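> Here you go, structure.csv (CSV, C-alpha atoms):
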```csv
chain,number,residue,atom,x,y,z
I,1043,SER,CA,0.0,0.0,0.0
I,1044,TRP,CA,1.0,3.6,-0.4
I,1045,GLN,CA,-0.4,7.0,0.9
I,1046,GLN,CA,-1.7,9.7,-1.4
I,1047,CYS,CA,-2.4,13.3,-0.6
I,1048,SER,CA,-5.9,14.0,-2.0
I,1049,TYR,CA,-8.7,16.5,-2.0
I,1050,TRP,CA,-12.5,16.2,-2.6
I,1051,ASN,CA,-13.5,17.6,-6.0
I,1052,GLU,CA,-17.0,19.0,-5.5
I,1053,THR,CA,-17.7,19.1,-9.3
I,1054,GLU,CA,-16.7,15.5,-10.1
I,1055,LYS,CA,-17.7,14.2,-6.7
I,1056,LYS,CA,-14.5,12.1,-6.1
I,1057,TRP,CA,-11.1,12.3,-4.5
I,1058,LYS,CA,-8.3,13.7,-6.7
I,1059,SER,CA,-4.6,14.4,-6.2
I,1060,ASP,CA,-3.6,16.9,-8.8
I,1061,GLY,CA,-1.9,20.0,-7.2
I,1062,CYS,CA,-1.1,18.0,-4.1
I,1063,GLU,CA,2.2,16.3,-3.1
I,1064,LEU,CA,3.4,14.2,-0.2
I,1065,VAL,CA,6.3,16.1,1.3
I,1066,ARG,CA,7.4,13.8,4.2
I,1067,GLN,CA,6.4,11.0,6.5
I,1068,ALA,CA,7.9,10.6,10.0
I,1069,ASN,CA,6.6,9.2,13.3
I,1070,ASN,CA,3.2,8.4,11.8
I,1071,ILE,CA,2.8,12.0,10.7
I,1072,THR,CA,2.2,12.7,7.0
I,1073,THR,CA,2.8,16.2,5.6
I,1074,CYS,CA,1.2,17.3,2.3
I,1075,GLU,CA,1.5,20.4,0.2
I,1076,CYS,CA,-1.2,21.6,-2.1
I,1077,ASN,CA,-1.5,24.7,-4.3
I,1078,HIS,CA,-5.2,25.3,-3.8
I,1079,PHE,CA,-7.9,25.2,-1.1
I,1080,ALA,CA,-10.3,22.3,-0.6
I,1081,SER,CA,-11.1,19.5,1.8
I,1082,PHE,CA,-8.0,17.4,2.1
I,1083,ALA,CA,-7.3,13.9,3.2
I,1084,VAL,CA,-4.5,11.3,3.2
I,1085,LEU,CA,-5.7,8.2,1.5
I,1086,ASN,CA,-4.2,4.7,2.0
I,1087,MET,CA,-4.1,3.3,-1.4
I,1088,ARG,CA,-4.1,-0.5,-1.8
I,1089,ARG,CA,-2.6,-2.5,-4.7
I,1090,GLU,CA,-6.1,-3.3,-6.0
I,1091,ASP,CA,-6.9,0.5,-6.1
I,1092,CYS,CA,-4.2,1.0,-8.7
I,1093,SER,CA,-5.3,1.3,-12.3
I,1094,LEU,CA,-4.7,-1.4,-14.9
I,1095,SER,CA,-2.1,0.9,-16.6
I,1096,ASN,CA,0.0,1.1,-13.4
I,1097,ASP,CA,-0.1,-2.8,-13.2
I,1098,ALA,CA,1.0,-3.0,-16.8
I,1099,LEU,CA,3.7,-0.4,-16.1
I,1100,GLU,CA,5.1,-2.5,-13.2
I,1101,ALA,CA,5.1,-5.6,-15.3
I,1102,LEU,CA,6.9,-3.7,-18.1
I,1103,THR,CA,9.4,-2.4,-15.7
I,1104,TYR,CA,10.2,-5.9,-14.3
I,1105,THR,CA,10.4,-7.4,-17.8
I,1106,GLY,CA,12.4,-4.6,-19.5
I,1107,CYS,CA,14.9,-4.0,-16.7
I,1108,SER,CA,15.5,-7.8,-16.3
I,1109,LEU,CA,16.2,-8.2,-20.0
I,1110,SER,CA,18.5,-5.2,-20.0
I,1111,LEU,CA,20.2,-6.6,-16.9
I,1112,VAL,CA,20.9,-9.9,-18.7
I,1113,CYS,CA,22.4,-8.1,-21.7
I,1114,LEU,CA,24.5,-5.9,-19.5
I,1115,LEU,CA,25.9,-8.8,-17.5
I,1116,LEU,CA,26.7,-10.6,-20.7
I,1117,THR,CA,28.6,-7.5,-21.8
I,1118,VAL,CA,30.5,-7.3,-18.5
I,1119,ALA,CA,31.4,-11.0,-18.7
I,1120,SER,CA,32.5,-10.9,-22.3
I,1121,THR,CA,34.7,-7.9,-21.7
I,1122,ILE,CA,36.3,-9.3,-18.5
I,1123,SER,CA,36.9,-12.7,-20.1
I,1124,SER,CA,38.9,-11.3,-23.1
I,1125,ARG,CA,42.4,-10.0,-22.4
I,1126,LYS,CA,42.3,-8.1,-25.7
I,1127,ARG,CA,39.2,-6.1,-24.6
I,1128,ARG,CA,40.4,-5.7,-21.1
I,1129,GLU,CA,43.5,-3.9,-22.3
I,1130,ASN,CA,41.6,-1.7,-24.8
I,1131,PRO,CA,40.9,1.8,-23.3
I,1132,PHE,CA,37.6,2.1,-25.1
I,1133,HIS,CA,36.3,-1.3,-23.9
I,1134,ARG,CA,37.4,-0.4,-20.4
I,1135,LEU,CA,35.2,2.7,-20.6
I,1136,LEU,CA,32.4,0.6,-22.0
I,1137,LEU,CA,32.8,-1.8,-19.1
I,1138,GLN,CA,32.3,1.0,-16.7
I,1139,VAL,CA,29.2,2.2,-18.5
I,1140,ALA,CA,27.8,-1.3,-18.4
I,1141,VAL,CA,28.4,-1.6,-14.6
I,1142,VAL,CA,26.8,1.8,-13.9
I,1143,LEU,CA,23.8,0.7,-16.0
I,1144,VAL,CA,23.6,-2.5,-14.0
I,1145,VAL,CA,23.4,-0.5,-10.8
I,1146,ILE,CA,20.7,1.7,-12.2
I,1147,MET,CA,18.6,-1.3,-13.5
I,1148,ALA,CA,18.9,-3.1,-10.2
I,1149,CYS,CA,17.8,0.1,-8.3
I,1150,LEU,CA,14.8,0.6,-10.5
I,1151,ILE,CA,13.7,-3.0,-9.9
I,1152,ALA,CA,14.3,-2.8,-6.1
I,1153,GLY,CA,12.5,0.5,-6.0
I,1154,LEU,CA,9.2,-1.2,-7.0
I,1155,GLU,CA,9.5,-3.3,-3.9
I,1156,GLY,CA,10.9,-0.7,-1.6
I,1157,ALA,CA,8.7,2.3,-2.5
I,1158,ASP,CA,6.7,1.8,0.8
I,1159,ASN,CA,9.8,2.0,2.9
I,1160,LYS,CA,10.7,5.6,3.2
I,1161,HIS,CA,14.4,5.3,4.1
I,1162,ALA,CA,15.1,2.4,1.6
I,1163,CYS,CA,13.4,4.5,-1.1
I,1164,GLN,CA,15.5,7.5,-0.3
I,1165,ALA,CA,18.7,5.5,-0.4
I,1166,LEU,CA,17.8,4.0,-3.7
I,1167,GLY,CA,16.9,7.4,-5.1
I,1168,LEU,CA,20.3,8.8,-4.0
I,1169,LEU,CA,22.1,5.8,-5.5
I,1170,VAL,CA,20.3,6.2,-8.8
I,1171,HIS,CA,21.1,10.0,-8.8
I,1172,VAL,CA,24.8,9.4,-8.3
I,1173,SER,CA,24.8,6.6,-10.9
I,1174,VAL,CA,23.1,8.7,-13.5
I,1175,LEU,CA,25.5,11.6,-13.0
I,1176,LEU,CA,28.4,9.1,-13.3
I,1177,LEU,CA,26.8,7.7,-16.5
I,1178,PHE,CA,26.6,11.2,-18.0
I,1179,ALA,CA,30.3,11.8,-17.1
I,1180,LEU,CA,31.4,8.5,-18.6
I,1181,MET,CA,29.6,9.3,-21.8
I,1182,MET,CA,31.5,12.5,-22.0
I,1183,VAL,CA,34.8,10.6,-21.3
I,1184,ILE,CA,34.0,8.3,-24.2
I,1185,GLY,CA,33.4,11.4,-26.4
I,1186,ILE,CA,36.8,12.7,-25.3
I,1187,TYR,CA,38.4,9.4,-26.1
I,1188,LEU,CA,37.0,9.2,-29.6
I,1189,TYR,CA,38.1,12.8,-30.3
I,1190,VAL,CA,41.6,12.2,-29.1
I,1191,HIS,CA,41.8,8.8,-30.9
I,1192,ILE,CA,40.4,9.9,-34.2
I,1193,VAL,CA,41.1,13.6,-34.5
I,1194,SER,CA,44.2,14.4,-32.4
I,1195,VAL,CA,45.8,10.9,-32.7
I,1196,LEU,CA,47.5,11.2,-29.3
I,1197,CYS,CA,48.2,8.7,-26.6
I,1198,THR,CA,44.8,7.9,-25.1
I,1199,ASN,CA,45.8,6.0,-21.9
I,1200,ASN,CA,46.7,9.0,-19.7
I,1201,ILE,CA,43.8,11.1,-21.0
I,1202,VAL,CA,41.3,8.3,-20.3
I,1203,VAL,CA,42.7,7.7,-16.7
I,1204,THR,CA,42.6,11.5,-16.0
I,1205,SER,CA,39.1,11.9,-17.4
I,1206,ASN,CA,37.9,8.9,-15.4
I,1207,VAL,CA,39.1,10.3,-12.1
I,1208,ILE,CA,37.5,13.6,-12.9
I,1209,ALA,CA,34.2,11.9,-13.8
I,1210,PHE,CA,34.0,10.0,-10.5
I,1211,VAL,CA,35.0,13.0,-8.4
I,1212,THR,CA,32.7,15.4,-10.2
I,1213,SER,CA,29.7,13.1,-9.9
I,1214,ALA,CA,30.2,12.5,-6.2
I,1215,ALA,CA,30.9,16.2,-5.5
I,1216,THR,CA,27.8,17.4,-7.4
I,1217,VAL,CA,25.5,15.3,-5.2
I,1218,ILE,CA,27.4,16.3,-2.0
I,1219,ILE,CA,27.2,20.0,-2.8
I,1220,ALA,CA,23.5,19.7,-3.8
I,1221,GLY,CA,22.8,17.7,-0.6
I,1222,SER,CA,24.4,20.4,1.6
I,1223,SER,CA,21.6,22.8,0.6
I,1224,SER,CA,18.8,20.2,0.6
I,1225,ASP,CA,17.8,17.0,2.5
I,1226,MET,CA,17.0,13.4,1.8
I,1227,ASP,CA,13.3,14.2,1.6
I,1228,ALA,CA,14.0,15.4,-2.0
I,1229,TYR,CA,14.0,11.7,-2.9
I,1230,GLY,CA,11.0,9.4,-3.1
I,1231,SER,CA,8.0,10.5,-5.0
I,1232,LYS,CA,4.7,8.6,-4.6
I,1233,ARG,CA,5.0,5.2,-6.2
I,1234,PHE,CA,8.7,5.2,-7.4
I,1235,CYS,CA,12.1,5.9,-5.8
I,1236,TRP,CA,13.3,8.9,-7.7
I,1237,MET,CA,13.6,12.6,-7.0
I,1238,LYS,CA,11.1,15.4,-6.7
I,1239,LYS,CA,11.1,18.4,-8.9
I,1240,ASP,CA,11.7,20.8,-6.0
I,1241,GLY,CA,15.2,21.4,-4.7
I,1242,SER,CA,18.7,21.5,-5.9
I,1243,PHE,CA,19.0,17.8,-6.6
I,1244,TYR,CA,16.6,18.1,-9.6
I,1245,GLY,CA,18.5,21.1,-10.8
I,1246,THR,CA,21.9,19.3,-10.8
I,1247,PHE,CA,20.3,16.4,-12.7
I,1248,VAL,CA,18.8,18.5,-15.5
I,1249,THR,CA,22.0,20.6,-15.8
I,1250,SER,CA,24.2,17.5,-16.0
I,1251,LEU,CA,22.0,16.0,-18.7
I,1252,LEU,CA,22.1,19.1,-20.8
I,1253,ILE,CA,25.9,19.4,-20.5
I,1254,MET,CA,26.4,15.8,-21.5
I,1255,LEU,CA,24.1,16.1,-24.6
I,1256,VAL,CA,25.6,19.4,-25.8
I,1257,PHE,CA,29.2,18.3,-25.2
I,1258,ASN,CA,28.8,14.9,-26.9
I,1259,ILE,CA,26.8,16.3,-29.8
I,1260,THR,CA,29.5,19.0,-30.3
I,1261,ILE,CA,32.3,16.3,-30.1
I,1262,MET,CA,30.5,14.0,-32.6
I,1263,ALA,CA,29.9,16.9,-35.0
I,1264,VAL,CA,33.7,17.7,-35.0
I,1265,ILE,CA,34.6,14.0,-35.5
I,1266,LEU,CA,32.1,13.6,-38.3
I,1267,ARG,CA,33.5,16.7,-40.1
I,1268,HIS,CA,37.1,15.3,-39.7
I,1269,LEU,CA,36.1,11.9,-41.1
I,1270,ARG,CA,34.4,13.5,-44.1
I,1271,ARG,CA,37.5,15.5,-44.9
I,1272,LYS,CA,39.7,12.4,-44.7
I,1273,ARG,CA,37.3,10.5,-46.9
I,1274,LYS,CA,37.4,13.3,-49.5
I,1275,LEU,CA,41.2,13.1,-49.5
I,1276,ALA,CA,41.1,9.3,-49.8
I,1277,GLU,CA,43.3,8.9,-46.7
I,1278,ALA,CA,43.4,5.3,-45.3
I,1279,PRO,CA,39.8,4.3,-46.4
I,1280,GLU,CA,39.8,1.2,-44.2
I,1281,GLU,CA,40.8,3.2,-41.1
I,1282,VAL,CA,38.2,5.8,-41.9
I,1283,SER,CA,35.5,3.1,-42.2
I,1284,GLN,CA,36.4,1.7,-38.7
I,1285,GLU,CA,36.5,5.1,-37.1
I,1286,ALA,CA,33.1,6.0,-38.7
I,1287,CYS,CA,31.7,2.8,-37.3
I,1288,LEU,CA,32.8,3.8,-33.8
I,1289,LEU,CA,31.3,7.2,-34.3
I,1290,TYR,CA,27.9,5.9,-35.5
I,1291,LYS,CA,27.7,3.5,-32.5
I,1292,MET,CA,28.5,6.4,-30.2
I,1293,MET,CA,25.7,8.4,-31.8
I,1294,ILE,CA,23.2,5.6,-31.3
I,1295,LEU,CA,24.2,5.1,-27.6
I,1296,THR,CA,24.2,8.8,-26.8
I,1297,GLY,CA,20.7,9.1,-28.5
I,1298,VAL,CA,19.2,6.3,-26.5
I,1299,ILE,CA,20.7,7.3,-23.1
I,1300,GLY,CA,19.8,11.0,-23.8
I,1301,ALA,CA,16.2,10.2,-24.8
I,1302,THR,CA,15.9,7.9,-21.7
I,1303,TRP,CA,16.7,10.6,-19.2
I,1304,VAL,CA,14.9,13.4,-21.1
I,1305,SER,CA,11.8,11.2,-20.5
I,1306,GLY,CA,13.0,10.8,-16.9
I,1307,VAL,CA,12.8,14.6,-16.6
I,1308,LEU,CA,9.2,14.5,-17.9
I,1309,VAL,CA,8.3,11.8,-15.4
I,1310,VAL,CA,9.4,14.1,-12.6
I,1311,LEU,CA,7.6,17.1,-14.1
I,1312,GLY,CA,4.3,15.3,-14.9
I,1313,ASP,CA,4.2,11.9,-13.3
I,1314,GLN,CA,2.0,10.7,-16.1
I,1315,VAL,CA,1.7,6.9,-16.9
I,1316,ALA,CA,2.6,7.6,-20.6
I,1317,PHE,CA,5.9,9.4,-19.6
I,1318,ARG,CA,6.8,6.5,-17.3
I,1319,MET,CA,6.1,3.9,-19.9
I,1320,VAL,CA,8.3,5.8,-22.4
I,1321,PHE,CA,11.0,6.0,-19.8
I,1322,VAL,CA,10.9,2.3,-18.9
I,1323,ILE,CA,11.0,1.2,-22.6
I,1324,LEU,CA,13.9,3.5,-23.4
I,1325,ASN,CA,15.8,2.6,-20.2
I,1326,SER,CA,15.5,-1.1,-21.1
I,1327,LEU,CA,16.8,-0.4,-24.6
I,1328,SER,CA,20.0,1.2,-23.2
I,1329,GLY,CA,21.3,-2.1,-21.9
I,1330,ILE,CA,20.2,-4.0,-25.0
I,1331,THR,CA,21.8,-1.3,-27.2
I,1332,VAL,CA,25.2,-1.7,-25.4
I,1333,PHE,CA,25.2,-5.5,-25.8
I,1334,VAL,CA,24.1,-5.5,-29.5
I,1335,LEU,CA,26.4,-2.7,-30.7
I,1336,TYR,CA,29.6,-3.7,-28.9
I,1337,ILE,CA,29.3,-7.4,-28.2
I,1338,PHE,CA,26.8,-9.2,-30.4
I,1339,LYS,CA,27.8,-7.2,-33.6
I,1340,SER,CA,31.5,-7.3,-32.8
I,1341,PRO,CA,33.5,-9.4,-35.3
I,1342,ASP,CA,36.1,-10.2,-32.6
I,1343,VAL,CA,33.4,-11.6,-30.2
I,1344,GLN,CA,31.8,-13.6,-33.0
I,1345,ILE,CA,35.2,-15.2,-33.9
I,1346,GLU,CA,35.9,-16.0,-30.2
I,1347,VAL,CA,32.5,-17.6,-29.8
I,1348,CYS,CA,32.8,-19.8,-32.9
I,1349,ALA,CA,36.3,-20.9,-31.9
I,1350,ALA,CA,35.1,-21.8,-28.4
I,1351,PHE,CA,32.2,-23.9,-29.8
I,1352,ARG,CA,34.5,-25.7,-32.3
I,1353,ALA,CA,37.1,-26.5,-29.6
I,1354,ARG,CA,34.4,-27.9,-27.3
I,1355,ALA,CA,32.9,-30.0,-30.1
I,1356,SER,CA,36.3,-31.4,-31.0
I,1357,ALA,CA,37.2,-32.2,-27.4
I,1358,LYS,CA,33.9,-34.0,-26.8
I,1359,LYS,CA,34.4,-36.0,-30.0
I,1360,LEU,CA,37.9,-37.1,-29.0
I,1361,LEU,CA,36.9,-38.0,-25.4
I,1362,SER,CA,33.8,-39.9,-26.5
I,1363,SER,CA,35.9,-42.0,-29.0
I,1364,PHE,CA,38.5,-43.0,-26.3
I,1365,LYS,CA,37.8,-46.2,-24.5
I,1366,VAL,CA,39.6,-48.3,-21.9
I,1367,ARG,CA,38.8,-51.9,-21.2
I,1368,PHE,CA,40.1,-54.1,-18.4
I,1369,ASN,CA,40.3,-57.9,-18.5
I,1370,THR,CA,40.4,-59.1,-15.0
I,1371,SER,CA,41.0,-62.8,-15.9
I,1372,THR,CA,44.1,-62.1,-17.9
I,1373,GLY,CA,45.2,-59.0,-16.0
I,1374,THR,CA,45.4,-56.7,-19.1
I,1375,ALA,CA,44.1,-53.3,-19.9
I,1376,THR,CA,43.4,-52.2,-23.5
I,1377,ALA,CA,43.1,-48.5,-24.6
I,1378,SER,CA,41.6,-47.8,-28.0
I,1379,THR,CA,40.2,-44.9,-30.0
I,1380,SER,CA,38.0,-45.1,-33.1
I,1381,TRP,CA,38.7,-41.5,-34.1
I,1382,ASN,CA,40.4,-41.4,-37.5
I,1383,ASN,CA,43.0,-38.7,-37.0
I,1384,PRO,CA,46.4,-38.4,-38.6
I,1385,ALA,CA,47.9,-37.7,-35.2
I,1386,PHE,CA,47.2,-41.3,-34.3
I,1387,ASP,CA,48.5,-42.9,-37.5
I,1388,THR,CA,51.6,-44.3,-35.7
I,1389,PHE,CA,51.6,-45.1,-32.0
I,1390,SER,CA,54.0,-47.5,-30.3
I,1391,ASN,CA,54.4,-48.7,-26.8
I,1392,SER,CA,56.7,-51.7,-26.0
I,1393,GLY,CA,56.7,-52.8,-29.5
I,1394,GLU,CA,52.9,-52.5,-30.1
I,1395,THR,CA,51.8,-50.5,-33.1
I,1396,GLY,CA,48.4,-49.1,-34.1
I,1397,ASP,CA,46.8,-48.3,-37.5
I,1398,ARG,CA,44.4,-45.7,-38.8
I,1399,SER,CA,41.4,-47.6,-37.5
I,1400,GLY,CA,42.5,-47.1,-34.0
I,1401,VAL,CA,45.2,-47.4,-31.3
I,1402,SER,CA,45.7,-50.1,-28.8
I,1403,ALA,CA,48.2,-50.9,-26.1
I,1404,GLU,CA,48.3,-53.9,-23.7
I,1405,VAL,CA,49.7,-53.6,-20.2
I,1406,ASN,CA,50.6,-56.9,-18.4
I,1407,ASN,CA,49.9,-57.3,-14.7
I,1408,PRO,CA,48.8,-53.7,-14.1
I,1409,PRO,CA,48.6,-52.4,-10.6
I,1410,GLU,CA,45.2,-51.6,-9.0
I,1411,VAL,CA,43.7,-48.7,-10.8
I,1412,SER,CA,40.7,-46.6,-9.7
I,1413,MET,CA,39.2,-44.7,-12.7
I,1414,THR,CA,36.4,-42.2,-12.9
I,1415,HIS,CA,35.1,-40.7,-16.1
I,1416,ASP,CA,35.2,-36.9,-16.1
I,1417,ASP,CA,35.7,-35.1,-19.3
I,1418,GLY,CA,36.3,-31.8,-17.6
I,1419,LEU,CA,33.7,-29.9,-19.7
I,1420,PRO,CA,30.9,-27.8,-18.3
```
Kindly transcribe the structure held in the file into C-alpha cells.

Amino acid sequence: SWQQCSYWNETEKKWKSDGCELVRQANNITTCECNHFASFAVLNMRREDCSLSNDALEALTYTGCSLSLVCLLLTVASTISSRKRRENPFHRLLLQVAVVLVVIMACLIAGLEGADNKHACQALGLLVHVSVLLLFALMMVIGIYLYVHIVSVLCTNNIVVTSNVIAFVTSAATVIIAGSSSDMDAYGSKRFCWMKKDGSFYGTFVTSLLIMLVFNITIMAVILRHLRRKRKLAEAPEEVSQEACLLYKMMILTGVIGATWVSGVLVVLGDQVAFRMVFVILNSLSGITVFVLYIFKSPDVQIEVCAAFRARASAKKLLSSFKVRFNTSTGTATASTSWNNPAFDTFSNSGETGDRSGVSAEVNNPPEVSMTHDDGLP
C-alpha cells in the first residue's frame, strides 16, 4: 500500500490528487503540500486500487529491466573474459558504462518493492542519482576518447585515466554540494524511488543531462567533419571506415541514453503513466543497445564464440571415442580410440603399433587402478 495526498472535488464528486504532493512521512505523521484550497485527506491506497495501466507499467518495468540486466551482465562477462578487450581503453570505458547501468537497473527493480519503505526508497533514489550523473560523465569521457583517438591521434591512456578520475570525483561532489543545501526528503515520490522536482537535486540532474548532450553532440559533429575531410582526401579508407563505425555506434548510444533521461525529466515534471512507460522502454533499450552494438555485432566476439564452440565439439568427439577396457581374468588393460585422426597414424608402446582404424596398447599385470570418467567440460 501507499499513501496519497488528496482533496475532494465537488464538481466531479470524487477524490483527486492533482496539485497535491506528499512532502514527508515521519513518526506516523504525513505532511502534504497543495497549491489550492479544498477539503484534504491522506488516502491509504491498496494495490487493487491502482489502475490497470499502473499494473501494466510495473510488469513492463520488471520485464524490460530484467532483459536489460541480462544483456549488460553478458557485456561485462564478455569484456572481462577477453584479455584483448580488457587492455583496450575504449572497452574499459564501455565496461564502466555497463556496470553503472547494471546498478541503475537493479535500483529501479528494487524501487518497485521498496517504495513503501521511506528510508530504503531515499537510499535507492540517492544511488540512482549518483549513478546517472556518473553515467553522463562517462559518456563525456567516451566522447573525449574518440576525439583524441580519431582527430588528435595522441596517446589515449593517460587522457582516459585522468578523465575517469574527474568523472568519478565530479559526480560525487555534485551530489554532496547539492545535498548540503537540501535534505533526503528530496528523494522518493509517490510510487517510485526517484527525486522530486523541487530542490537543488533536480537542478543538478537536469543541468548534467544538458551538459552531456551538448558536449557529446559537439564532439561528434567535430569528429564527423574530420572523417568527411579524410574520406574526400582518400586517406586510409579502411581506417576511416572503422572510425566511422565507432562514431555511429556512439551516436546511437548517446541518443538512447539521452532520450531515456529526457523522458526521466518528464516523469518528474508530470508523473504521467505515458511518460513513465516511455522512460521504462527507453531505459530497457539502453542495456540492450550496449550489448548489441559492442558485443553481439563485434567481429572479434563472433570469432571467439565460434572458436570456443569448435574447440568444445572437438574435445567431446575425442573423449567420446577413447575407451579403456580391463580384462580381470588375464590382468590386461586395453586402450583404444576409433577417431580417425592423422595424429594417431603411428603409435608405439613396448613394440605394439596401431593403424588408422584405432590405437591399442596392452599392459601386463597392471597395478590396481581406480578410474572415474570426467571429461572436464561444463
> In Å, how far is it from atom CA of I:Asp1097 to atom CA of I:Leu1154?
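Taking atom CA of I:Asp1097 and atom CA of I:Leu1154, their separation equals 11.3 Å.
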> Can you measure atom CA of I:Asn1258 to atom CA of I:Lys1274 for me? One decimal in Å is fine.
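Rounded to one decimal, the two atoms are 24.2 Å apart.
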> Counting all atoms listed in the file, what is within 7 Å of I:Phe1082, bar same-chain residues fewer than 2 positions away, as a PDB file with C-alpha atoms, in the frame of the given file?

```pdb
ATOM      1  CA  SER I1048      -5.900  14.000  -2.000  1.00  0.00           C
ATOM      2  CA  TYR I1049      -8.700  16.500  -2.000  1.00  0.00           C
ATOM      3  CA  TRP I1050     -12.500  16.200  -2.600  1.00  0.00           C
ATOM      4  CA  ALA I1080     -10.300  22.300  -0.600  1.00  0.00           C
TER       5      ALA I1080
END
```
> Near I:Phe1333, within 8 Å and counting all atoms listed in the file, which residues show up once chain neighbours fewer than 5 positions away are dropped, as a list in words?
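So the residues in contact are Cys1113, Leu1114, Leu1116, Thr1117 and Phe1338 of chain I.
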> Select, from I:Val1332, I:Leu1324, I:Val1084, I:Met1182, the residue with the minimum atom-to-atom distance to I:Gly1106, counting all atoms listed in the file.
I:Leu1324
> Near I:Trp1236, within 10 Å and counting all atoms listed in the file, which residues show up once chain neighbours fewer than 6 positions away are dropped, as a list in words?
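Non-adjacent residues within range: Cys1149, Leu1150, Gly1153, Ala1157, Cys1163, Gln1164, Ala1165, Leu1166, Gly1167, Leu1168, Leu1169, Val1170, His1171, Ala1228, Tyr1229, Gly1230, Tyr1244, Gly1306, Val1309 and Val1310 of chain I.
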> For I:Val1172, work out the shell of residues within 12 Å, counting only C-alpha atoms and skipping chain neighbours fewer than 3 positions away, then give it as a ChimeraX atom specification.
/I:1142-1143,1145-1146,1149,1165-1169,1175-1179,1209-1218,1220-1221,1236-1237,1243,1246-1247,1250
> With distances taken over all atoms listed in the file, which residue among I:Ala1140, I:Val1334, I:Met1254, I:Ala1286 lies nearest I:Gly1300?
I:Met1254
> Please provide the set of residues having any atom within 10 Å of I:Leu1115, restricted to all atoms listed in the file, with same-chain residues fewer than 3 positions apart removed, written as a PyMOL selection string.
chain I and resi 1110-1112+1118-1121+1137+1140-1141+1143-1144+1329+1333
> Go ahead and compute the interatomic distance for atom CA of I:Thr1072 and atom CA of I:Ser1059, in Å to one decimal.
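For atom CA of I:Thr1072 relative to atom CA of I:Ser1059, the distance reads 14.9 Å.
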